[in-house]
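Student: If you scroll down you'll find the structure; I have some questions about it.
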Amino acid sequence: MAATVSVRLPANTHQRLRNLAKKKHKGIGEVVDEAIVALEREQFWREMEEGYAKLRADPEAWKEWQDEVALWDSTLMDGIPTDDEYAEEYKHAADTETR
């Protein structure tokens, strides 16, 4: 079993956690863990967007980035012809993953 610690929370926050846990049929610890994961994900994407905003603010750096992306884009199919028997399978798999 993982080590545990106690955390002081306002009573209303604890009640909200209990309510969420009950609705989700999970323990309070699991609900807290899910919330932390969601906050970490949100922070990651916010920082990612801030980085892109800085990059876009510098026209020279943005052009260099776009040129590099274009270079990598040219390697996507590695010369596999689009009429290849597996090309449709790859396309279908990629479409399914993005949904």
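Naming works like this for the structure tokens: A, B, ... for the chains as they're shown, residue 1 at the start of each chain, ligands 1 onward in shown order.
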Which residues are close to segment 29-40 of chain A, i.e. within 10 Å by only C-alpha atoms, leaving aside same-chain residues fewer than 6 positions away? Reply as a list in words.

Tutor: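 Using only C-alpha atoms, the neighbours found are Thr4, Leu17, Arg18, Leu20, Ala21, Lys22 and Arg46 of chain A.
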
Student: At what distance in Å, to one decimal, does atom CA of Arg56 of chain A lie from atom CA of Ala70 of chain A?

Tutor: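 About the pair atom CA of Ala70 of chain A and atom CA of Arg56 of chain A: they are 16.0 Å apart.
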